[in-house]
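Trainee: Have a peek at start03.txt (compact mmCIF, C-alpha atoms).
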# COMPACT_ATOMS: atom_id res chain seq x y z
CA MET N 1 16.57 25.57 -2.80
CA ASP N 2 19.52 25.21 -0.44
CA VAL N 3 20.43 28.82 -1.18
CA LEU N 4 16.94 29.95 -0.16
CA TRP N 5 17.09 27.88 3.02
CA GLU N 6 20.39 29.40 4.04
CA SER N 7 19.33 32.96 3.47
CA ALA N 8 17.38 34.88 6.09
CA ASP N 9 16.12 37.47 3.61
CA PRO N 10 14.16 37.02 0.41
CA LEU N 11 16.51 36.81 -2.57
CA SER N 12 16.17 38.07 -6.10
CA VAL N 13 16.91 35.84 -9.07
CA ARG N 14 20.19 37.70 -9.59
CA GLU N 15 21.24 37.14 -5.96
CA VAL N 16 20.43 33.42 -6.18
CA SER N 17 22.49 33.17 -9.38
CA GLY N 18 25.34 34.89 -7.65
CA LEU N 19 25.25 32.48 -4.71
CA LEU N 20 25.24 29.43 -7.00
CA THR N 21 28.90 29.96 -7.70
CA ASP N 22 29.75 26.29 -8.14
CA ARG N 23 27.56 26.04 -11.22
CA GLU N 24 27.44 28.23 -14.29
CA LEU N 25 23.71 28.73 -14.71
CA ALA N 26 22.01 31.10 -17.05
CA HIS N 27 19.87 33.77 -15.44
CA THR N 28 16.79 32.43 -17.18
CA THR N 29 17.46 28.89 -15.91
CA VAL N 30 17.54 30.09 -12.31
CA MET N 31 14.41 32.12 -12.94
CA THR N 32 12.60 29.08 -14.33
CA VAL N 33 13.64 26.88 -11.39
CA LEU N 34 12.55 29.50 -8.84
CA ASP N 35 9.27 30.00 -10.66
CA ARG N 36 8.64 26.26 -10.58
CA LEU N 37 9.47 26.08 -6.85
CA ALA N 38 7.03 28.91 -6.23
CA LYS N 39 4.29 27.16 -8.24
CA LYS N 40 4.75 24.00 -6.18
CA GLY N 41 4.51 26.00 -2.98
CA PHE N 42 8.04 25.38 -1.80
CA ALA N 43 9.00 29.02 -2.28
CA ARG N 44 7.06 32.23 -1.68
CA ARG N 45 7.64 35.21 -3.89
CA GLU N 46 6.95 38.86 -3.37
CA ARG N 47 7.43 41.86 -5.61
CA ASN N 48 10.15 44.18 -4.49
CA GLY N 49 10.36 47.11 -6.86
CA ARG N 50 10.62 45.65 -10.36
CA ALA N 51 12.02 42.22 -9.45
CA TRP N 52 10.48 39.20 -7.75
CA HIS N 53 12.09 38.15 -4.50
CA TYR N 54 11.95 34.56 -3.35
CA ARG N 55 12.17 32.92 0.04
CA ALA N 56 11.63 29.35 1.28
CA ALA N 57 8.04 28.71 2.34
CA GLU N 58 9.10 26.37 5.13
CA SER N 59 12.40 25.49 6.74
CA ARG N 60 14.35 22.50 5.52
CA GLU N 61 13.66 20.77 8.85
CA ALA N 62 9.94 21.22 8.42
CA TYR N 63 10.06 19.41 5.06
CA VAL N 64 12.26 16.62 6.43
CA THR N 65 9.77 16.18 9.26
CA GLU N 66 6.85 16.07 6.83
CA LEU N 67 8.64 13.49 4.71
CA MET N 68 9.49 11.30 7.69
CA LEU N 69 6.09 11.62 9.32
CA SER N 70 4.34 10.48 6.21
CA ALA N 71 6.83 7.62 5.97
CA LEU N 72 6.39 6.63 9.60
CA ASP N 73 2.64 7.12 9.73
CA GLN N 74 1.18 3.72 10.44
CA THR N 75 -2.47 4.60 10.50
CA GLY N 76 -3.59 6.17 7.28
CA ASP N 77 -3.78 5.19 3.68
CA ARG N 78 -0.21 6.37 3.29
CA GLN N 79 0.78 2.83 4.15
CA ALA N 80 -0.14 1.87 0.65
CA ALA N 81 1.66 4.80 -0.94
CA LEU N 82 4.97 3.41 0.16
CA ALA N 83 6.15 0.14 1.62
CA ARG N 84 8.14 0.31 4.83
CA PHE N 85 10.89 -2.12 5.64
CA ALA N 86 9.90 -2.72 9.25
CA ARG N 87 7.13 -1.28 11.34
CA SER N 88 8.44 0.16 14.56
CA VAL N 89 7.27 -1.41 17.78
CA SER N 90 6.53 -0.11 21.26
CA GLY N 91 8.80 -0.16 24.31
CA THR N 92 8.40 -3.66 25.75
CA GLU N 93 8.35 -5.23 22.31
CA ALA N 94 11.50 -3.34 21.35
CA GLN N 95 13.25 -4.72 24.42
CA ALA N 96 12.23 -8.25 23.47
CA LEU N 97 13.61 -7.67 19.98
CA LEU N 98 16.87 -6.36 21.38
CA ARG N 99 17.16 -9.41 23.64
CA ALA N 100 16.62 -11.64 20.62
CA LEU N 101 19.30 -9.67 18.81
CA GLY N 102 21.68 -10.19 21.72
CA ALA N 103 21.00 -13.92 21.69
CA LEU N 104 21.70 -13.99 17.96
CA GLY N 105 25.00 -12.20 18.47
CA GLY N 106 25.97 -14.72 21.18
CA ALA N 107 25.11 -17.66 18.94
CA ALA N 108 27.27 -16.25 16.17
CA ARG N 109 30.27 -15.93 18.42
CA GLY N 110 29.73 -19.28 20.18
CA MET Z 1 -35.10 -18.15 -8.96
CA PRO Z 2 -32.36 -19.28 -11.36
CA ALA Z 3 -29.74 -21.64 -9.98
CA SER Z 4 -26.95 -19.27 -11.02
CA VAL Z 5 -28.23 -16.56 -8.68
CA LEU Z 6 -28.33 -19.03 -5.78
CA ILE Z 7 -24.77 -20.16 -6.50
CA LEU Z 8 -23.56 -16.56 -6.75
CA ALA Z 9 -25.22 -15.71 -3.44
CA ALA Z 10 -23.64 -18.77 -1.82
CA ILE Z 11 -20.20 -17.78 -3.09
CA ALA Z 12 -20.60 -14.17 -1.95
CA ILE Z 13 -21.65 -15.25 1.53
CA GLY Z 14 -19.11 -18.08 1.70
CA CYS Z 15 -16.17 -15.81 0.84
CA ILE Z 16 -16.56 -13.93 4.12
CA PRO Z 17 -15.95 -16.83 6.56
CA ALA Z 18 -13.36 -18.16 4.10
CA ALA Z 19 -11.44 -14.86 4.39
CA SER Z 20 -11.54 -15.04 8.19
CA ILE Z 21 -10.25 -18.62 8.12
CA LEU Z 22 -7.49 -17.69 5.66
CA ALA Z 23 -6.48 -14.69 7.80
CA ALA Z 24 -6.09 -16.95 10.84
CA ALA Z 25 -4.37 -19.84 9.05
CA SER Z 26 -0.65 -20.43 9.50
CA TRP Z 27 0.15 -22.12 6.19
CA PRO Z 28 0.19 -18.84 4.19
CA ARG Z 29 3.48 -18.00 5.92
CA ARG Z 30 5.06 -21.05 4.35
CA SER Z 31 4.19 -19.94 0.81
CA PRO Z 32 3.29 -16.25 0.82
CA ALA Z 33 3.15 -15.98 -2.97
CA ALA Z 34 0.50 -18.71 -3.27
CA ALA Z 35 -1.47 -17.24 -0.38
CA ILE Z 36 -1.44 -13.79 -2.00
CA LEU Z 37 -2.88 -15.36 -5.16
CA LEU Z 38 -5.67 -17.00 -3.13
CA TRP Z 39 -6.45 -13.68 -1.40
CA GLN Z 40 -6.71 -11.92 -4.75
CA ALA Z 41 -9.00 -14.62 -6.10
CA LEU Z 42 -11.14 -14.43 -2.97
CA GLY Z 43 -11.47 -10.66 -3.25
CA LEU Z 44 -12.32 -10.73 -6.94
CA GLY Z 45 -14.67 -13.70 -6.54
CA TRP Z 46 -16.52 -12.00 -3.68
CA GLY Z 47 -16.99 -8.78 -5.62
CA LEU Z 48 -18.27 -10.51 -8.76
CA ALA Z 49 -20.51 -12.89 -6.81
CA ALA Z 50 -22.03 -10.19 -4.59
CA ILE Z 51 -22.81 -7.91 -7.52
CA GLY Z 52 -24.00 -10.84 -9.62
CA ALA Z 53 -26.29 -12.22 -6.91
CA LEU Z 54 -27.97 -8.86 -6.25
CA VAL Z 55 -28.37 -7.94 -9.89
CA GLY Z 56 -29.32 -11.48 -10.85
CA PHE Z 57 -32.10 -11.64 -8.26
CA GLY Z 58 -33.31 -8.22 -9.28
CA ALA Z 59 -33.45 -9.24 -12.92
CA ALA Z 60 -34.73 -12.81 -12.39
CA GLY Z 61 -37.37 -13.94 -14.81
CA GLN Z 62 -35.80 -12.23 -17.75
CA GLY Z 63 -34.05 -15.46 -18.68
CA ALA Z 64 -30.61 -15.99 -20.19
CA ALA Z 65 -27.42 -15.08 -18.33
CA VAL Z 66 -27.33 -12.83 -15.28
CA ALA Z 67 -25.47 -10.00 -16.99
CA SER Z 68 -27.63 -9.86 -20.11
CA SER Z 69 -30.90 -10.27 -18.20
CA ALA Z 70 -29.90 -7.39 -15.91
CA VAL Z 71 -29.41 -5.20 -18.96
CA ARG Z 72 -32.79 -6.31 -20.32
CA GLN Z 73 -34.50 -5.66 -17.00
CA LEU Z 74 -33.00 -2.18 -16.85
CA ALA Z 75 -34.17 -1.55 -20.39
CA SER Z 76 -37.70 -2.65 -19.49
CA PHE Z 77 -37.73 -0.34 -16.45
CA ALA Z 78 -36.53 2.49 -18.64
CA GLY Z 79 -39.12 1.58 -21.27
CA THR Z 80 -42.02 1.88 -18.81
CA GLY Z 81 -41.05 5.40 -17.85
CA THR Z 82 -39.37 6.97 -14.88
CA SER Z 83 -41.67 5.35 -12.32
CA PRO Z 84 -42.03 1.69 -13.21
CA PRO Z 85 -45.22 0.08 -11.94
CA VAL Z 86 -44.61 -1.60 -8.62
CA ALA Z 87 -47.10 -4.40 -8.94
CA ASP Z 88 -46.37 -6.25 -5.75
CA LEU Z 89 -43.86 -6.67 -2.95
CA THR Z 90 -41.64 -9.15 -4.82
CA GLU Z 91 -41.32 -6.71 -7.67
CA ALA Z 92 -40.29 -3.94 -5.25
CA VAL Z 93 -37.71 -6.17 -3.55
CA ARG Z 94 -36.34 -7.14 -6.95
CA MET Z 95 -35.94 -3.52 -7.94
CA LEU Z 96 -34.19 -2.79 -4.66
CA CYS Z 97 -31.79 -5.69 -5.21
CA LEU Z 98 -31.07 -4.58 -8.74
CA ALA Z 99 -30.38 -1.06 -7.52
CA ALA Z 100 -28.21 -2.37 -4.66
CA GLY Z 101 -26.19 -4.51 -7.07
CA ILE Z 102 -25.56 -1.63 -9.42
CA ALA Z 103 -24.76 0.64 -6.46
CA LEU Z 104 -22.25 -1.92 -5.15
CA LEU Z 105 -20.58 -2.08 -8.55
CA GLY Z 106 -20.40 1.70 -8.63
CA VAL Z 107 -19.09 2.00 -5.08
CA LEU Z 108 -16.38 -0.62 -5.63
CA CYS Z 109 -15.17 1.04 -8.85
CA TRP Z 110 -15.34 4.50 -7.32
CA ILE Z 111 -13.46 3.50 -4.16
CA LEU Z 112 -10.75 1.81 -6.20
CA LEU Z 113 -10.29 4.98 -8.24
CA ALA Z 114 -10.34 7.20 -5.15
CA ALA Z 115 -7.79 5.01 -3.35
CA SER Z 116 -5.52 5.05 -6.42
CA ALA Z 117 -5.79 8.81 -6.68
CA SER Z 118 -4.94 9.42 -3.02
CA VAL Z 119 -2.03 6.99 -3.18
CA LEU Z 120 -0.68 8.70 -6.31
CA ARG Z 121 -1.03 12.12 -4.69
CA ALA Z 122 0.87 11.02 -1.58
CA ARG Z 123 3.63 9.54 -3.75
CA GLN Z 124 3.86 12.69 -5.87
CA ARG Z 125 4.33 14.80 -2.73
CA GLN Z 126 7.00 12.36 -1.51
CA ARG Z 127 8.81 12.63 -4.84
CA GLU Z 128 8.77 16.43 -4.78
CA LEU Z 129 10.11 16.49 -1.23
CA LEU Z 130 12.76 13.88 -2.03
CA ASN Z 131 13.87 15.93 -5.03
CA LEU Z 132 14.62 18.80 -2.68
CA LEU Z 133 15.93 16.96 0.36
CA ALA Z 134 17.44 13.60 -0.50
CA HIS Z 135 20.95 12.81 -1.61
CA GLY Z 136 22.81 9.68 -2.63
CA ASP Z 137 25.28 7.81 -0.47
CA PRO Z 138 27.98 5.33 -1.50
CA LYS Z 139 26.93 3.02 1.36
CA VAL Z 140 23.56 2.42 -0.27
CA PRO Z 141 23.99 2.56 -4.05
CA GLY Z 142 20.81 3.41 -5.89
CA ALA Z 143 18.96 4.57 -2.78
CA LEU Z 144 18.09 8.07 -1.58
CA VAL Z 145 19.22 9.22 1.85
CA VAL Z 146 17.26 11.68 3.99
CA ASP Z 147 19.02 13.31 6.93
CA HIS Z 148 16.82 12.32 9.83
CA PRO Z 149 17.81 10.47 13.01
CA ALA Z 150 14.81 8.10 12.99
CA ALA Z 151 15.55 4.62 11.67
CA THR Z 152 13.36 4.01 8.69
CA ALA Z 153 13.62 2.55 5.24
CA TYR Z 154 10.91 2.39 2.64
CA CYS Z 155 10.30 2.27 -1.04
CA LEU Z 156 8.24 4.55 -3.19
CA PRO Z 157 6.64 2.38 -5.86
CA GLY Z 158 5.61 3.62 -9.24
CA LEU Z 159 7.06 4.23 -12.66
CA ARG Z 160 9.74 6.45 -11.15
CA SER Z 161 10.38 4.30 -8.10
CA ALA Z 162 12.82 5.06 -5.32
CA ILE Z 163 14.21 3.46 -2.20
CA VAL Z 164 14.56 5.84 0.73
CA ILE Z 165 16.85 5.26 3.70
CA SER Z 166 17.11 7.63 6.66
CA ALA Z 167 20.46 8.73 8.03
CA GLY Z 168 19.45 7.02 11.29
CA THR Z 169 19.25 3.68 9.47
CA LEU Z 170 22.63 4.23 7.80
CA GLU Z 171 24.17 4.64 11.24
CA LEU Z 172 22.29 1.74 12.79
CA LEU Z 173 23.03 -1.00 10.27
CA ASP Z 174 26.26 -2.43 8.94
CA ALA Z 175 27.00 -2.80 5.23
CA ASP Z 176 25.63 -6.36 4.98
CA GLU Z 177 22.39 -5.45 6.72
CA LEU Z 178 21.94 -2.43 4.47
CA ALA Z 179 22.39 -4.67 1.44
CA ALA Z 180 19.68 -6.96 2.83
CA VAL Z 181 17.33 -3.99 3.30
CA LEU Z 182 17.95 -2.86 -0.29
CA ALA Z 183 17.33 -6.38 -1.59
CA HIS Z 184 14.01 -6.50 0.31
CA GLU Z 185 12.87 -3.11 -0.99
CA ARG Z 186 13.93 -3.88 -4.55
CA ALA Z 187 11.81 -7.03 -4.37
CA HIS Z 188 8.78 -4.87 -3.44
CA LEU Z 189 9.40 -2.59 -6.40
CA ARG Z 190 10.06 -5.38 -8.88
CA GLU Z 191 6.97 -7.36 -7.90
CA ARG Z 192 4.76 -4.23 -7.78
CA HIS Z 193 3.47 -5.22 -4.35
CA ASP Z 194 1.78 -1.84 -4.14
CA LEU Z 195 -0.64 -2.93 -6.87
CA VAL Z 196 -1.37 -6.13 -4.92
CA LEU Z 197 -2.30 -4.08 -1.85
CA LEU Z 198 -4.32 -1.39 -3.60
CA PRO Z 199 -7.60 -3.34 -4.08
CA PHE Z 200 -7.50 -4.49 -0.47
CA LEU Z 201 -6.95 -0.91 0.65
CA ALA Z 202 -9.97 0.07 -1.44
CA LEU Z 203 -12.06 -2.69 0.17
CA LEU Z 204 -10.94 -1.52 3.61
CA ARG Z 205 -11.98 2.05 2.77
CA ALA Z 206 -15.35 0.95 1.43
CA PHE Z 207 -16.11 -1.31 4.40
CA ARG Z 208 -14.33 0.27 7.34
CA TRP Z 209 -16.89 -1.19 9.73
CA ALA Z 210 -16.24 -4.74 8.54
CA GLU Z 211 -13.77 -6.69 10.62
CA VAL Z 212 -13.11 -9.02 7.72
CA ALA Z 213 -11.93 -6.18 5.44
CA ARG Z 214 -9.39 -5.16 8.06
CA GLN Z 215 -8.27 -8.77 8.54
CA ALA Z 216 -7.84 -9.18 4.79
CA TYR Z 217 -5.81 -6.00 4.41
CA GLN Z 218 -3.51 -6.83 7.32
CA ALA Z 219 -3.04 -10.42 6.21
CA VAL Z 220 -2.12 -9.41 2.65
CA GLU Z 221 0.18 -6.67 3.93
CA LEU Z 222 2.10 -9.14 6.08
CA LEU Z 223 2.23 -11.72 3.27
CA VAL Z 224 3.63 -9.11 0.90
CA GLU Z 225 6.40 -8.34 3.40
CA MET Z 226 7.15 -12.03 3.82
CA HIS Z 227 7.21 -12.51 0.08
CA ALA Z 228 9.72 -9.67 -0.26
CA ASP Z 229 11.76 -11.28 2.55
CA ASP Z 230 11.77 -14.55 0.61
CA LEU Z 231 12.96 -12.83 -2.56
CA ALA Z 232 15.67 -10.96 -0.65
CA LEU Z 233 16.91 -14.30 0.72
CA ARG Z 234 17.90 -15.34 -2.77
CA GLN Z 235 20.60 -12.68 -2.66
CA ARG Z 236 21.42 -12.25 1.02
CA PRO Z 237 21.73 -14.61 4.01
CA ALA Z 238 18.74 -14.79 6.37
CA ARG Z 239 20.77 -13.57 9.35
CA GLU Z 240 21.52 -10.17 7.84
CA LEU Z 241 17.90 -9.56 7.02
CA ALA Z 242 16.79 -10.78 10.46
CA THR Z 243 19.21 -8.57 12.40
CA ALA Z 244 18.39 -5.61 10.15
CA LEU Z 245 14.67 -6.15 10.89
CA LEU Z 246 15.30 -6.42 14.62
CA ARG Z 247 17.45 -3.30 14.73
CA VAL Z 248 15.12 -1.14 12.62
CA GLY Z 249 12.05 -2.50 14.41
CA ALA Z 250 13.47 -1.84 17.86
CA ALA Z 251 14.83 1.61 17.01
CA GLY Z 252 12.08 2.83 14.69
CA GLY Z 253 10.29 6.01 15.50
CA GLY Z 254 13.16 7.49 17.48
CA GLY Z 255 13.16 11.28 17.22
CA VAL Z 256 9.65 11.42 15.82
CA PRO Z 257 6.79 12.89 17.86
CA SER Z 258 5.09 9.94 19.49
CA GLY Z 259 1.66 11.22 18.50
CA ALA Z 260 2.48 10.48 14.91
CA LEU Z 261 2.77 6.77 15.55
CA GLY Z 262 -0.58 5.70 16.55
CA ALA Z 263 -3.56 3.54 16.62
CA ALA Z 264 -2.51 0.67 14.39
CA HIS Z 265 0.32 -0.12 16.77
CA ARG Z 266 -1.18 -2.64 19.09
CA GLU Z 267 -2.60 -5.00 16.52
CA GLN Z 268 0.54 -5.02 14.45
CA GLU Z 269 3.10 -5.49 17.16
CA CYS Z 270 4.08 -9.05 16.48
CA GLU Z 271 4.66 -8.41 12.77
CA VAL Z 272 8.44 -7.88 13.01
CA ALA Z 273 8.79 -10.81 15.42
CA ALA Z 274 6.79 -13.07 13.10
CA ARG Z 275 9.02 -12.19 10.16
CA VAL Z 276 12.23 -12.70 12.14
CA ILE Z 277 11.11 -16.08 13.49
CA ARG Z 278 10.20 -17.10 9.96
CA LEU Z 279 13.63 -16.07 8.69
CA LEU Z 280 15.63 -17.81 11.38
CA ARG Z 281 13.57 -20.99 11.74
CA PRO Z 282 12.12 -21.41 8.27
CA ALA Z 283 9.24 -23.86 8.02
CA PRO Z 284 9.46 -26.07 4.95
CA GLY Z 285 7.64 -24.61 1.96
CA LEU Z 286 4.35 -26.15 0.93
CA SER Z 287 4.50 -29.28 -1.21
CA ASN Z 288 3.83 -29.05 -4.92
CA ALA Z 289 0.54 -30.86 -4.44
CA ALA Z 290 -0.60 -28.30 -1.85
CA LEU Z 291 0.47 -25.44 -4.13
CA ALA Z 292 -1.47 -26.99 -7.02
CA ILE Z 293 -4.59 -27.21 -4.82
CA ILE Z 294 -4.23 -23.54 -3.82
CA ILE Z 295 -3.80 -22.42 -7.42
CA ALA Z 296 -6.77 -24.53 -8.53
CA ALA Z 297 -8.90 -23.16 -5.67
CA SER Z 298 -7.94 -19.60 -6.64
CA ALA Z 299 -8.92 -20.23 -10.24
CA VAL Z 300 -12.28 -21.71 -9.19
CA VAL Z 301 -13.14 -18.93 -6.74
CA ALA Z 302 -12.44 -16.21 -9.31
CA ALA Z 303 -13.68 -17.95 -12.43
CA VAL Z 304 -16.99 -19.46 -11.28
CA PRO Z 305 -18.69 -16.11 -10.51
CA ALA Z 306 -17.33 -14.65 -13.74
CA VAL Z 307 -18.65 -17.59 -15.78
CA LEU Z 308 -22.05 -17.52 -14.03
CA LEU Z 309 -22.38 -13.84 -14.88
CA VAL Z 310 -22.14 -14.40 -18.61
CA LEU Z 311 -23.37 -17.97 -19.19
CA PRO Z 312 -27.09 -18.69 -19.30
CA LEU Z 313 -28.05 -21.16 -16.56
CA ARG Z 314 -31.49 -21.97 -15.30
Reformat the file's structure so that it appears as structure tokens.

Mentor:
Amino acid sequence: MDVLWESADPLSVREVSGLLTDRELAHTTVMTVLDRLAKKGFARRERNGRAWHYRAAESREAYVTELMLSALDQTGDRQAALARFARSVSGTEAQALLRALGALGGAARG
Amino acid sequence: MPASVLILAAIAIGCIPAASILAAASWPRRSPAAAILLWQALGLGWGLAAIGALVGFGAAGQGAAVASSAVRQLASFAGTGTSPPVADLTEAVRMLCLAAGIALLGVLCWILLAASASVLRARQRQRELLNLLAHGDPKVPGALVVDHPAATAYCLPGLRSAIVISAGTLELLDADELAAVLAHERAHLRERHDLVLLPFLALLRAFRWAEVARQAYQAVELLVEMHADDLALRQRPARELATALLRVGAAGGGGVPSGALGAAHREQECEVAARVIRLLRPAPGLSNAALAIIIAASAVVAAVPAVLLVLPLR
């Protein structure tokens, strides 16, 4: 997937294999992985001559944002899908927390 | 009307003010695990009692236990054809109650299934995205790291569970605080706190208009966090967890469009503060006698409606 993200143009299976130089992967393995990515909607494929060409459906940043938004969403049912460590708080509350943190630090040193 | 139906109705109605009182009480913070048990019993007891009271009234006069008489009543309606004779007003009210009871049973089951399905879907999407985006980091062994500046840490429960830490959190916290965060999240996963919350989420979805459903969900959510805090304290000192909470709480949401963090904010604001105060100035846990009373009360609240449903009582 990283290869697809880094490339501006759609890549064929052979080109992806070529760019994955650090790993010795069979052509069919790469093909299977790309096919699976396409089925899940992470990659788009288009026919170019005889071969399929693949490109990332969305940028890496877009996926990171989606992941984080669903993790930070405090309203919906997503809350139950995952358990967050600490809910974030608004401005004034955050300042109060930071003051408390400062007081804690002082107590530790004193 | 049979006594069992009256008792069931009393329990169903009584559970609602009891939930409000429990949500406002301060003792649950001293023993979150016991309080969670009482909440579960209250939820289950209410469901059984409400269904039992409606169905039982609808089927009254058929004798025997509520459950079996309801089945008999249904059979007699079915036996008389698609349009049973509505002899008088009482009979009509009874049929309505019977229908309402069965509808309530259906709605509760359906909502629970729907909530489970949507939760599983959201988790599946998270897992797919994490597969593509996350990487490990020696600072947080066993956890997945996502490169994002916002400070957040969460766990993804399930058979293939995961703990996710953002790069922002890695930068914000020192090694001890990170260990405390991991201990807290592992406690969530080990105790399957997601399964504790699921029925209350379902209740909230079914009765969005009901203040008490919201109170119950929020109370259980906070208790689950406090319980995980307690379990984390067995491995890590309270200070680390408290400072980690303060730092993540104060920094959370940085770099994320503010529109995404929304409505639930105002009501929840004191949650982090409440947990920190509890960590730093721990109130003594409840006495064994008090715990025994809570466990006994939980057993009674859940068991009485269940027994009344199956035992004949006139």

Trainee: Which one is closest to Z:Leu132: N:Asp35, N:Val64, N:Arg44, N:Arg99? Count all atoms listed in the file.

Mentor: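 Of N:Asp35, N:Val64, N:Arg44, N:Arg99, the one nearest Z:Leu132, counting all atoms listed in the file, is N:Val64.
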
Trainee: Would you compute the distance between atom CA of Z:Arg234 and atom CA of N:Gln95? Give it in Å to one decimal.

Mentor: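 Those two atoms sit 29.6 Å apart.
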
Trainee: Report the distance between atom CA of Z:Ala306 and atom CA of Z:Leu198 in Å, rounded to one decimal place.

Mentor: 21.2 Å

Trainee: Which residues, written as a list in words, have at least one atom at most 10 Å from Z:Pro32, with only C-alpha atoms counted and residues fewer than 2 positions away on the same chain left out?

Mentor: Trp27, Pro28, Arg29, Arg30, Ala34, Ala35, Ile36, Leu37, Leu38, Val220, Leu222, Leu223, Val224, Glu225, Met226, His227, Ala228, Asp229, Asp230, Gly285 and Leu286 of chain Z

Trainee: How many Å separate atom CA of Z:Ser68 from atom CA of Z:Leu308?

Mentor: 11.3 Å

Trainee: Take the point (-12.2, -0.5, -2.1) as written in the file and pick out every residue within 9 Å of it, counting all atoms listed in the file; give the list as a PyMOL selection string.

Mentor: chain Z and resi 107-115+198-207

Trainee: Please list as an NGL selection string every residue within 10 Å of Z:Asp174, counting all atoms listed in the file and excluding residues in the same chain fewer than 5 positions away.

Mentor: :Z and (139 or 169 or 179 or 240 or 243-244)

Trainee: I'd like to know which of Z:Leu8, Z:Leu311, Z:Ala232, Z:Leu120 is closest to chain N, using all atoms listed in the file.

Mentor: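 Between Z:Leu8, Z:Leu311, Z:Ala232, Z:Leu120, the residue approaching chain N most closely is Z:Leu120.
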
Trainee: Would you mind listing what lies within 8 Å of stretch 91-103 of chain Z as a list in words, with all atoms listed in the file counted and same-chain residues fewer than 3 positions away left out?

Mentor: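 Returned residues: Ala50, Ile51, Gly52, Ala53, Leu54, Val55, Gly56, Phe57, Gly58, Ala59, Ala70, Val86, Ala87, Asp88, Gly106 and Val107 of chain Z.
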
Trainee: Write the residues of the selection above to a file with C-alpha atoms, as an mmCIF file, in the coordinates of the input.

Mentor:
data_model
loop_
_atom_site.group_PDB
_atom_site.id
_atom_site.type_symbol
_atom_site.label_atom_id
_atom_site.label_comp_id
_atom_site.auth_asym_id
_atom_site.auth_seq_id
_atom_site.Cartn_x
_atom_site.Cartn_y
_atom_site.Cartn_z
ATOM 1 C CA ALA Z 50 -22.030 -10.190 -4.590
ATOM 2 C CA ILE Z 51 -22.810 -7.910 -7.520
ATOM 3 C CA GLY Z 52 -24.000 -10.840 -9.620
ATOM 4 C CA ALA Z 53 -26.290 -12.220 -6.910
ATOM 5 C CA LEU Z 54 -27.970 -8.860 -6.250
ATOM 6 C CA VAL Z 55 -28.370 -7.940 -9.890
ATOM 7 C CA GLY Z 56 -29.320 -11.480 -10.850
ATOM 8 C CA PHE Z 57 -32.100 -11.640 -8.260
ATOM 9 C CA GLY Z 58 -33.310 -8.220 -9.280
ATOM 10 C CA ALA Z 59 -33.450 -9.240 -12.920
ATOM 11 C CA ALA Z 70 -29.900 -7.390 -15.910
ATOM 12 C CA VAL Z 86 -44.610 -1.600 -8.620
ATOM 13 C CA ALA Z 87 -47.100 -4.400 -8.940
ATOM 14 C CA ASP Z 88 -46.370 -6.250 -5.750
ATOM 15 C CA GLY Z 106 -20.400 1.700 -8.630
ATOM 16 C CA VAL Z 107 -19.090 2.000 -5.080
#

Trainee: Given only C-alpha atoms as the basis, pick out the residue of N:Arg47, N:Phe42, N:Thr29, N:Gly18 nearest to chain Z.

Mentor: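 The shortest atom-to-atom distance to chain Z comes from N:Phe42.
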
Trainee: Could stretch 51-71 of chain N be written out with C-alpha atoms, as a compact mmCIF listing (two decimals), in the first residue's frame, please?

Mentor:
# COMPACT_ATOMS: atom_id res chain seq x y z
CA ALA N 51 -3.09 -5.44 -17.41
CA TRP N 52 -4.89 -3.97 -14.42
CA HIS N 53 -3.40 -0.80 -13.01
CA TYR N 54 -3.86 0.08 -9.37
CA ARG N 55 -3.81 3.35 -7.47
CA ALA N 56 -4.66 4.32 -3.88
CA ALA N 57 -8.29 5.31 -3.47
CA GLU N 58 -7.46 7.93 -0.85
CA SER N 59 -4.26 9.49 0.42
CA ARG N 60 -2.56 8.07 3.46
CA GLU N 61 -3.42 11.26 5.37
CA ALA N 62 -7.09 10.85 4.58
CA TYR N 63 -7.08 7.37 6.14
CA VAL N 64 -5.14 8.54 9.20
CA THR N 65 -7.68 11.31 9.63
CA GLU N 66 -10.58 8.87 9.33
CA LEU N 67 -8.98 6.58 11.88
CA MET N 68 -8.35 9.40 14.35
CA LEU N 69 -11.73 11.03 13.86
CA SER N 70 -13.53 7.83 14.63
CA ALA N 71 -11.28 7.40 17.66
